[in-house]
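Asks: Let me begin by handing over the structure; questions about it come next.
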Amino acid sequence: MKKIAVITSGGDCPGMNAAIRAAVRVALAHDAEVWGIKNGYAGMIAGDMRVLDSRSVGDIIQKGGTFLGTARSEEFKTLAGRQKAAANLTARGIEGLIVIGGDGSLTGARHLGELGIKFVGLPGTIDNDIWGTDYTIGFDTAVNTALDAINKLRDTASAHGRVMLVEVMGRACGWIALTAGLAGGAEIILIPEEPFSEEEICKKLLESRTKGKQYSIVVVAEGAGSAIDLGKSIRAKTGLETRASVLGHIQRGGAPTVSDRLLASRLAETAVRALLNGRTEIMIGYQCRQCVEVAIEDAVGKKKAIDPELFRLAQVLSQ
Ligand code: ADP
């Protein structure tokens, strides 16, 4: 295989640029031509793509977002849309594709594969919800952003003796909440994977006051509910003063951490090598510090479970 393309799709995440850079430079080192597709599958359908050289991916490893742009495309979900996209690749002699994105983007790649396009996927999402990889590109940066916010909110919570609720991202998955909550010393962590009741939360918060705690941090995964609504309800039920912060898209931005840059670079190298060797319909995951091939049908359409040991430890440490 001598001509490949790189695409970022779906929700962006810090580290996508590091992955593109590595993919391009590894491909060039193997004498392959590399195309960059703009704005996800929408750009593939529009034929918005160009050849990349080594310099075109300079000065991006440290930047969040994706210099190729990303998008969501309803047209790509139709067979006609995918046929148009595939035709745009074959017209340029592009034989294979590196797709960097989340579950939706990798599912889209799988369907593109049914039209004969070879592809290798990379897990790119802050949510860390993709099966077959210990970590996704972007997760570490997002967790550190959430942790920084928790640290700052802790200062003001302690000054006023308040219950501070922090809502973090993660879609239907609690990885960001659990990891940032444990690292940030949260008293309560609410995630969609673990059932909870408001009564239990209120009881724990009141008990903690009798134990001498002056303030509390409650981390809420967006998939577990609204921190604003919960804050109002806790206040009404306990009389404790509450404040809620919804961190939102700040978690998707920022310079990628060392871990994310290394992860993106390593996964991308393995992906390009695999693609150039004719491998297809796989995602490259990171398991036990190794880059591994995961069949695409195993990686998509299911949610990675949270680590129950981490949840248990967070509970023990919040006493
Ligand atoms: P993410 O990749 O971050 O999970 P989305 O779920 O929005 O983001 O998916 C990104 C894009 O992937 C969609 O806009 C669509 O073009 C494509 N896609 C998602 N699901 C499918 C599907 N079932 N079939 C074809 N394309 C899909």
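How things are named: the first chain in the structure tokens is A, the next is B, and so on; residues count from 1 in each chain; ligands count from 1 in the order shown.
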Each residue of chain A lying at most 6 Å from ligand 1 should get a row with its shortest atom-to-atom pair and the distance in Å to one decimal, counting only C-alpha atoms and all ligand atoms; could you produce that, ordered by chain and increasing number, as a tab-separated table?
Replies:
```
residue	atom	partner	partner_atom_place_in_ligand_line	distance
A:Ser9	CA	ligand 1	10 (C)	5.5
A:Gly10	CA	ligand 1	8 (O)	3.5
A:Gly11	CA	ligand 1	3 (O)	4.0
A:Tyr41	CA	ligand 1	16 (O)	5.6
A:Arg72	CA	ligand 1	14 (O)	3.2
A:Ser73	CA	ligand 1	16 (O)	3.8
A:Glu74	CA	ligand 1	16 (O)	5.4
A:Phe76	CA	ligand 1	16 (O)	4.6
A:Lys77	CA	ligand 1	25 (C)	3.8
A:Gly101	CA	ligand 1	2 (O)	4.5
A:Gly102	CA	ligand 1	2 (O)	3.4
A:Asp103	CA	ligand 1	4 (O)	4.1
A:Gly104	CA	ligand 1	6 (O)	3.4
A:Ser105	CA	ligand 1	2 (O)	3.6
A:Thr107	CA	ligand 1	21 (C)	5.2
A:Gly108	CA	ligand 1	26 (N)	3.4
A:His111	CA	ligand 1	25 (C)	6.0
```
Asks: Would you please extract all alpha helix (DSSP H) residues from stretch 3-214 of chain A, as assigned by DSSP on the backbone, and give them as an NGL selection string?
Replies: :A and (16-29 or 40-46 or 79-91 or 103-113 or 139-160 or 175-183 or 198-210)
Asks: Hey, which bits of stretch 62-152 of chain A sit within 7 Å of stretch 266-280 of chain A, and for each residue what's the closest pair of atoms and how far apart in Å (one decimal), counting only C-alpha atoms, rows by chain and increasing number, as JSON lines?
Replies:
```
{"residue": "A:Gly96", "atom": "CA", "partner": "A:Leu275", "partner_atom": "CA", "distance": 6.8}
{"residue": "A:Lys118", "atom": "CA", "partner": "A:Thr280", "partner_atom": "CA", "distance": 5.1}
{"residue": "A:Phe119", "atom": "CA", "partner": "A:Thr280", "partner_atom": "CA", "distance": 5.0}
{"residue": "A:Val120", "atom": "CA", "partner": "A:Thr280", "partner_atom": "CA", "distance": 5.6}
{"residue": "A:Leu122", "atom": "CA", "partner": "A:Leu267", "partner_atom": "CA", "distance": 6.9}
```
Asks: Considering only C-alpha atoms, return as a ChimeraX atom specification whatever protein or nucleic-acid residues lie within 7 Å of stretch 165-172 of chain A, sequence-local ones (same chain, fewer than 6 positions apart) excluded.
Replies: /A:127,146,192,217-223,227,231,243-248
Asks: Generate a file of the selected residues that holds C-alpha atoms, formatted as a JSON list (two decimals), in the first residue's frame.
Replies:
```json
[["chain", "number", "residue", "atom", "x", "y", "z"],
["A", 127, "ASP", "CA", -14.59, 9.69, 27.54],
["A", 146, "ALA", "CA", -11.21, 18.32, 35.54],
["A", 192, "PRO", "CA", -24.00, 6.12, 35.74],
["A", 217, "ILE", "CA", -16.73, 17.97, 47.00],
["A", 218, "VAL", "CA", -19.25, 15.97, 44.97],
["A", 219, "VAL", "CA", -18.19, 14.93, 41.46],
["A", 220, "VAL", "CA", -21.11, 14.12, 39.14],
["A", 221, "ALA", "CA", -20.66, 12.38, 35.79],
["A", 222, "GLU", "CA", -22.92, 14.00, 33.19],
["A", 223, "GLY", "CA", -24.43, 10.57, 32.57],
["A", 227, "ALA", "CA", -25.15, 18.75, 39.23],
["A", 231, "GLY", "CA", -27.31, 20.80, 44.26],
["A", 243, "ARG", "CA", -22.89, 25.46, 44.62],
["A", 244, "ALA", "CA", -22.71, 23.65, 41.30],
["A", 245, "SER", "CA", -20.25, 24.02, 38.43],
["A", 246, "VAL", "CA", -20.69, 22.37, 35.04],
["A", 247, "LEU", "CA", -17.24, 22.12, 33.47],
["A", 248, "GLY", "CA", -18.48, 21.39, 29.93]]
```
Asks: Enter the distance from atom CA of A:Ile7 to atom CA of A:Ser54, in Å, rounded to one decimal.
Replies: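 Between atom CA of A:Ile7 and atom CA of A:Ser54 the gap works out to 16.3 Å.
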Asks: Find the residues near A:Leu97: any atom within 6 Å, counting only C-alpha atoms, skip ones fewer than 3 places away on the same chain, and give them as an MDAnalysis selection string.
Replies: chainID A and resid 4:6 119
Asks: Would you mind telling me which residue in A:Gly43, A:Ser265, A:Arg312, A:Ile201 lies nearest to A:Tyr286 when using only C-alpha atoms?
Replies: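 Nearest to A:Tyr286: A:Ser265.
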Asks: Please list as a PyMOL selection string every residue within 9 Å of stretch 183-189 of chain A, counting only C-alpha atoms and excluding residues in the same chain fewer than 5 positions away.
Replies: chain A and resi 146-148+150-151+154+177-178+201+204-205+208+216-221+311+314-315+317-319
Asks: Counting only C-alpha atoms, what is within 9 Å of A:Ile94, bar same-chain residues fewer than 5 positions away, as a list in words?
Replies: Met1, Lys2, Lys3, Ile4, Ala5, Glu33, Val34, Trp35, Asn88, Leu89 and Ile117 of chain A
Asks: Keeping C-alpha atoms for every residue in the selection just given, could you write it to a file as a compact mmCIF listing (two decimals), in the first residue's frame?
Replies:
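Saved the output as selection.txt:
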```txt
# COMPACT_ATOMS: atom_id res chain seq x y z
CA MET A 1 0.00 0.00 0.00
CA LYS A 2 1.51 3.32 -1.03
CA LYS A 3 -1.23 5.90 -0.56
CA ILE A 4 -3.18 6.39 2.64
CA ALA A 5 -5.35 9.10 4.21
CA GLU A 33 1.94 9.23 0.30
CA VAL A 34 -0.39 10.66 2.96
CA TRP A 35 -3.56 12.64 2.44
CA ASN A 88 -13.53 10.21 -3.55
CA LEU A 89 -10.81 8.04 -2.02
CA ILE A 117 -11.92 0.60 1.85
```
Asks: Give the answer as one residue: which of A:Ser233, A:Gln290, A:Ser158, A:Thr66 has the shortest atom-to-atom distance to A:Lys213, using only C-alpha atoms?
Replies: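 Using only C-alpha atoms, the shortest distance to A:Lys213 belongs to A:Ser158.
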Asks: Using DSSP on the backbone coordinates, identify all residues within stretch 3-139 of chain A classified as strand (DSSP E); present the result as a PyMOL selection string.
Replies: chain A and resi 3-8+33-37+49-52+96-101+118-123
Asks: Mind giving me the straight-line distance from atom CA of A:Ala18 to atom CA of A:Asp260 in Å, one decimal?
Replies: 8.3 Å
Asks: Excluding A:Ala159 and residues on its chain fewer than 6 positions from it, collect all residues at most 10 Å away from it, counting only C-alpha atoms, and give them as a compact mmCIF listing (two decimals) with N, CA, C and O atoms, in the first residue's frame.
Replies:
```
# COMPACT_ATOMS: atom_id res chain seq x y z
N LEU A 153 -11.96 24.58 42.94
CA LEU A 153 -13.28 24.63 43.61
C LEU A 153 -13.15 24.23 45.08
O LEU A 153 -13.89 24.72 45.94
N GLN A 214 -15.58 20.24 57.11
CA GLN A 214 -16.18 21.58 57.00
C GLN A 214 -16.85 21.82 55.65
O GLN A 214 -17.66 22.73 55.50
N TYR A 215 -16.46 21.06 54.66
CA TYR A 215 -16.99 21.27 53.30
C TYR A 215 -16.91 19.94 52.54
O TYR A 215 -16.26 19.00 53.01
```
